[in-house]
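Enquirer: One structure, as structure tokens, below. Some questions next.
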Amino acid sequence: TQIEQFNTHLGGSNLSPAYIESLVAMTEGWMVGVKMALLAYARFGDIALQRFNGSQPEIVDYFGHVVFKRLPPQLRDFLMRSAIFERFDGELCDQVFGRSGSALLLEDLATRELFMLPVENQPGCYRYHALLHDFLAKRLVMQEPHLVPELHRRAAECFRQRGNLEAALQHAQRSEDQALFRGLLADACEQWV
């Protein structure tokens with residue numbers, strides 16, 4: 001009801017319940033994100049909501065200038081690189097990024113309220129707000145495209161060691177290492193059969 005009222009106030013036409021549900025899911029209830037999506041909808045119609053993600057100019061501006069640029073370079077790099085994961089913990093980041101102390105860094109980032117959310121029933125495990133995740137992943141590809149396949153290769157190996165073959169396969173596919181992907185696929189098929 002509040003979203004529908006807000007949309008009317010911003011000059012948008014009526015939204016279907018399905019669009020409202022989609023909008024809430026996409027923005028995870030973040031009111032600034034809802035407002036940006038509704039403003040885009042008022043200007044461009046349904047197509048704006050269908051294409052709404054972390055690459056919209058308003059979202060890029062918000063995350064780029066309000067959140068991202070205020071952080072020291074070390075934290076910016078960590079945020080961008082950890083965007084290869086859907087969910088992550090300190091040990092995973094240490095192994096994939098070849099560093100130590102990621103668990104403490106994650107705790108620090110969580111206290112800064114940077115749209116990093118704890119994963120329910122998994123202590124020490126986090127995920128990014130969907131819009132921030134989109135923004136960070138696109139920023140990583142723009143700033144360090146050469147690093148992306150290697151990070152995915154390392155992540156695939158790490159998830160293989162953890163016994164999570166589905167996550168390992170996803171990262172292997174994105175690593176551009178066909179031999180790694182085929183080997184993991186063979187292992188996964190054998191296990192699934």
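Every chain in the structure tokens takes a letter, A first, then B, and so on in the order presented; its residues are numbered from 1, and the ligands are numbered from 1 following the presented order.
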Using DSSP assignments from the backbone, pull out every residue in chain A that falls under strand (DSSP E) and give it to me as a PDB file with C-alpha atoms, in the first residue's frame.
Expert:
ATOM      1  CA  PHE A  88      31.024 -15.423   1.466  1.00  0.00           C
ATOM      2  CA  ASP A  89      32.916 -15.759   4.723  1.00  0.00           C
ATOM      3  CA  MET A 116      26.336  -6.177   3.608  1.00  0.00           C
ATOM      4  CA  LEU A 117      23.927  -8.547   5.313  1.00  0.00           C
ATOM      5  CA  PRO A 118      24.594 -11.577   7.517  1.00  0.00           C
ATOM      6  CA  CYS A 125      28.779 -15.597   6.413  1.00  0.00           C
ATOM      7  CA  TYR A 126      27.571 -12.505   4.521  1.00  0.00           C
ATOM      8  CA  ARG A 127      25.957 -11.393   1.297  1.00  0.00           C
ATOM      9  CA  TYR A 128      25.532  -8.022  -0.375  1.00  0.00           C
TER      10      TYR A 128
END
Enquirer: Please report, as a PyMOL selection string, each residue of chain A to which DSSP assigns alpha helix (DSSP H) when run on this structure's backbone.
Expert: chain A and resi 2-10+17-27+31-44+46-50+57-61+73-82+90-97+102-111+130-143+148-162+165-174+178-192
Enquirer: So that each row is one residue of range 124-162 of chain A with an atom at most 9 Å from range 72-86 of chain A, can you give its shortest atom pair and the distance in Å to one decimal, using only C-alpha atoms, rows by chain and rising number, as JSON lines?
Expert:
{"residue": "A:Tyr126", "atom": "CA", "partner": "A:Glu86", "partner_atom": "CA", "distance": 8.6}
{"residue": "A:Arg127", "atom": "CA", "partner": "A:Glu86", "partner_atom": "CA", "distance": 6.2}
{"residue": "A:Tyr128", "atom": "CA", "partner": "A:Glu86", "partner_atom": "CA", "distance": 7.7}
{"residue": "A:Leu132", "atom": "CA", "partner": "A:Ala83", "partner_atom": "CA", "distance": 8.9}
{"residue": "A:His133", "atom": "CA", "partner": "A:Ala83", "partner_atom": "CA", "distance": 5.9}
{"residue": "A:Asp134", "atom": "CA", "partner": "A:Ala83", "partner_atom": "CA", "distance": 8.0}
{"residue": "A:Phe135", "atom": "CA", "partner": "A:Met80", "partner_atom": "CA", "distance": 8.8}
{"residue": "A:Leu136", "atom": "CA", "partner": "A:Met80", "partner_atom": "CA", "distance": 5.0}
{"residue": "A:Ala137", "atom": "CA", "partner": "A:Ala83", "partner_atom": "CA", "distance": 5.3}
{"residue": "A:Lys138", "atom": "CA", "partner": "A:Met80", "partner_atom": "CA", "distance": 8.7}
{"residue": "A:Arg139", "atom": "CA", "partner": "A:Met80", "partner_atom": "CA", "distance": 6.8}
{"residue": "A:Leu140", "atom": "CA", "partner": "A:Met80", "partner_atom": "CA", "distance": 5.3}
{"residue": "A:Leu147", "atom": "CA", "partner": "A:Arg81", "partner_atom": "CA", "distance": 8.8}
{"residue": "A:Val148", "atom": "CA", "partner": "A:Ile84", "partner_atom": "CA", "distance": 8.0}
{"residue": "A:Leu151", "atom": "CA", "partner": "A:Ile84", "partner_atom": "CA", "distance": 7.7}
{"residue": "A:His152", "atom": "CA", "partner": "A:Ile84", "partner_atom": "CA", "distance": 7.1}
{"residue": "A:Ala155", "atom": "CA", "partner": "A:Phe85", "partner_atom": "CA", "distance": 8.5}
Enquirer: Could you check which of A:Leu71, A:Ala103, A:Leu109, A:Leu185 is closest to Ala172 in chain A, using only C-alpha atoms?
Expert: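 Ranked by minimum distance to Ala172 in chain A, first place goes to A:Leu185.
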Enquirer: Which residue is closest to Val96 in chain A? Choose from A:Arg162, A:Arg182, A:Arg153, A:Lys35 and count only C-alpha atoms.
Expert: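 Counting only C-alpha atoms, the residue closest to Val96 in chain A is A:Arg153.
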Enquirer: As a list in words, please: the residues near Ile3 in chain A (cut-off 10 Å, only C-alpha atoms, same-chain neighbours under 4 positions excluded).
Expert: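 Those residues are Asn7, Thr8, His9, Leu15, Ile20, Leu23, Val24, Gly29, Met31, Val34, Lys35 and Leu38 of chain A.
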Enquirer: For the selection you just gave me, I'd like the residues written to a file as a compact mmCIF listing (two decimals), in the first residue's frame, keeping N, CA and C atoms.
Expert:
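Saved as selection.txt:
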# COMPACT_ATOMS: atom_id res chain seq x y z
N ASN A 7 4.21 5.73 -5.28
CA ASN A 7 4.22 5.75 -6.73
C ASN A 7 3.24 6.80 -7.26
N THR A 8 2.05 6.85 -6.70
CA THR A 8 1.06 7.84 -7.11
C THR A 8 1.57 9.25 -6.85
N HIS A 9 2.21 9.44 -5.69
CA HIS A 9 2.77 10.74 -5.32
C HIS A 9 3.86 11.17 -6.32
N LEU A 15 0.46 0.34 -10.37
CA LEU A 15 1.34 -0.83 -10.46
C LEU A 15 0.54 -2.09 -10.15
N ILE A 20 4.79 -4.81 -7.77
CA ILE A 20 5.14 -4.37 -6.42
C ILE A 20 5.96 -5.44 -5.72
N LEU A 23 9.39 -5.42 -7.19
CA LEU A 23 10.12 -4.23 -6.74
C LEU A 23 10.65 -4.42 -5.32
N VAL A 24 9.81 -4.96 -4.45
CA VAL A 24 10.24 -5.20 -3.06
C VAL A 24 11.37 -6.23 -3.03
N GLY A 29 13.42 -4.01 0.01
CA GLY A 29 12.76 -3.08 0.90
C GLY A 29 13.51 -1.78 1.15
N MET A 31 14.23 1.74 0.86
CA MET A 31 13.34 2.79 0.36
C MET A 31 14.00 3.68 -0.69
N VAL A 34 13.68 1.78 -3.81
CA VAL A 34 12.28 1.81 -4.25
C VAL A 34 11.98 3.13 -4.93
N LYS A 35 12.41 4.22 -4.31
CA LYS A 35 12.16 5.55 -4.88
C LYS A 35 12.82 5.68 -6.26
N LEU A 38 10.83 3.71 -8.75
CA LEU A 38 9.54 4.33 -9.07
C LEU A 38 9.71 5.59 -9.91
Enquirer: Let me make sure I understand: among A:Glu4, A:Leu106, A:Gln178, A:Glu120, which one has the smallest atom-to-atom distance to Asp94 in chain A if we use only C-alpha atoms?
Expert: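 The answer is A:Leu106, which sits nearest to Asp94 in chain A.
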Enquirer: Using only C-alpha atoms, which protein or nucleic acid residues come within 7 Å of Ala168 in chain A? Drop anything in the same chain fewer than 3 positions from it, and give the result as an mmCIF file with all heavy atoms, in the first residue's frame.
Expert:
data_model
loop_
_atom_site.group_PDB
_atom_site.id
_atom_site.type_symbol
_atom_site.label_atom_id
_atom_site.label_comp_id
_atom_site.auth_asym_id
_atom_site.auth_seq_id
_atom_site.Cartn_x
_atom_site.Cartn_y
_atom_site.Cartn_z
ATOM 1 N N ALA A 155 38.069 -19.599 -6.789
ATOM 2 C CA ALA A 155 36.823 -19.881 -6.061
ATOM 3 C C ALA A 155 36.324 -21.287 -6.381
ATOM 4 O O ALA A 155 35.868 -22.013 -5.488
ATOM 5 C CB ALA A 155 35.766 -18.842 -6.406
ATOM 6 N N ALA A 156 36.431 -21.700 -7.653
ATOM 7 C CA ALA A 156 36.004 -23.051 -8.037
ATOM 8 C C ALA A 156 36.811 -24.099 -7.274
ATOM 9 O O ALA A 156 36.251 -25.077 -6.754
ATOM 10 C CB ALA A 156 36.159 -23.233 -9.541
ATOM 11 N N GLU A 157 38.116 -23.900 -7.194
ATOM 12 C CA GLU A 157 38.970 -24.837 -6.466
ATOM 13 C C GLU A 157 38.607 -24.865 -4.978
ATOM 14 O O GLU A 157 38.556 -25.933 -4.362
ATOM 15 C CB GLU A 157 40.448 -24.468 -6.647
ATOM 16 C CG GLU A 157 40.967 -24.645 -8.055
ATOM 17 C CD GLU A 157 41.075 -26.098 -8.493
ATOM 18 O OE1 GLU A 157 40.885 -27.026 -7.673
ATOM 19 O OE2 GLU A 157 41.324 -26.318 -9.694
ATOM 20 N N PHE A 159 35.697 -24.084 -3.548
ATOM 21 C CA PHE A 159 34.405 -24.735 -3.345
ATOM 22 C C PHE A 159 34.500 -26.241 -3.578
ATOM 23 O O PHE A 159 33.810 -27.017 -2.927
ATOM 24 C CB PHE A 159 33.325 -24.108 -4.226
ATOM 25 C CG PHE A 159 32.776 -22.829 -3.667
ATOM 26 C CD1 PHE A 159 32.970 -21.624 -4.321
ATOM 27 C CD2 PHE A 159 32.065 -22.821 -2.474
ATOM 28 C CE1 PHE A 159 32.476 -20.444 -3.805
ATOM 29 C CE2 PHE A 159 31.554 -21.645 -1.945
ATOM 30 C CZ PHE A 159 31.766 -20.450 -2.602
ATOM 31 N N ARG A 160 35.384 -26.666 -4.483
ATOM 32 C CA ARG A 160 35.602 -28.107 -4.681
ATOM 33 C C ARG A 160 36.141 -28.713 -3.390
ATOM 34 O O ARG A 160 35.680 -29.767 -2.953
ATOM 35 C CB ARG A 160 36.589 -28.349 -5.819
ATOM 36 C CG ARG A 160 36.965 -29.837 -5.942
ATOM 37 C CD ARG A 160 38.153 -30.044 -6.818
ATOM 38 N NE ARG A 160 37.739 -30.082 -8.209
ATOM 39 C CZ ARG A 160 38.579 -30.296 -9.206
ATOM 40 N NH1 ARG A 160 39.871 -30.442 -8.983
ATOM 41 N NH2 ARG A 160 38.143 -30.335 -10.447
ATOM 42 N N ASN A 164 31.352 -28.372 -2.167
ATOM 43 C CA ASN A 164 30.183 -27.692 -2.747
ATOM 44 C C ASN A 164 30.376 -27.660 -4.269
ATOM 45 O O ASN A 164 30.830 -26.672 -4.836
ATOM 46 C CB ASN A 164 30.054 -26.282 -2.171
ATOM 47 C CG ASN A 164 28.795 -25.569 -2.620
ATOM 48 O OD1 ASN A 164 28.169 -25.947 -3.607
ATOM 49 N ND2 ASN A 164 28.433 -24.524 -1.898
ATOM 50 N N LEU A 165 29.987 -28.756 -4.915
ATOM 51 C CA LEU A 165 30.248 -28.885 -6.350
ATOM 52 C C LEU A 165 29.396 -27.943 -7.190
ATOM 53 O O LEU A 165 29.839 -27.498 -8.250
ATOM 54 C CB LEU A 165 30.043 -30.328 -6.800
ATOM 55 C CG LEU A 165 31.112 -31.317 -6.332
ATOM 56 C CD1 LEU A 165 30.804 -32.719 -6.824
ATOM 57 C CD2 LEU A 165 32.495 -30.890 -6.798
ATOM 58 N N HIS A 171 31.490 -21.236 -10.588
ATOM 59 C CA HIS A 171 32.710 -20.433 -10.697
ATOM 60 C C HIS A 171 33.634 -20.952 -11.799
ATOM 61 O O HIS A 171 34.264 -20.159 -12.500
ATOM 62 C CB HIS A 171 33.430 -20.368 -9.353
ATOM 63 C CG HIS A 171 32.744 -19.490 -8.366
ATOM 64 N ND1 HIS A 171 32.821 -18.112 -8.433
ATOM 65 C CD2 HIS A 171 31.937 -19.770 -7.320
ATOM 66 C CE1 HIS A 171 32.105 -17.588 -7.450
ATOM 67 N NE2 HIS A 171 31.550 -18.576 -6.771
ATOM 68 N N ALA A 172 33.698 -22.264 -11.970
ATOM 69 C CA ALA A 172 34.538 -22.822 -13.031
ATOM 70 C C ALA A 172 34.045 -22.373 -14.399
ATOM 71 O O ALA A 172 34.851 -22.054 -15.278
ATOM 72 C CB ALA A 172 34.552 -24.348 -12.941
#
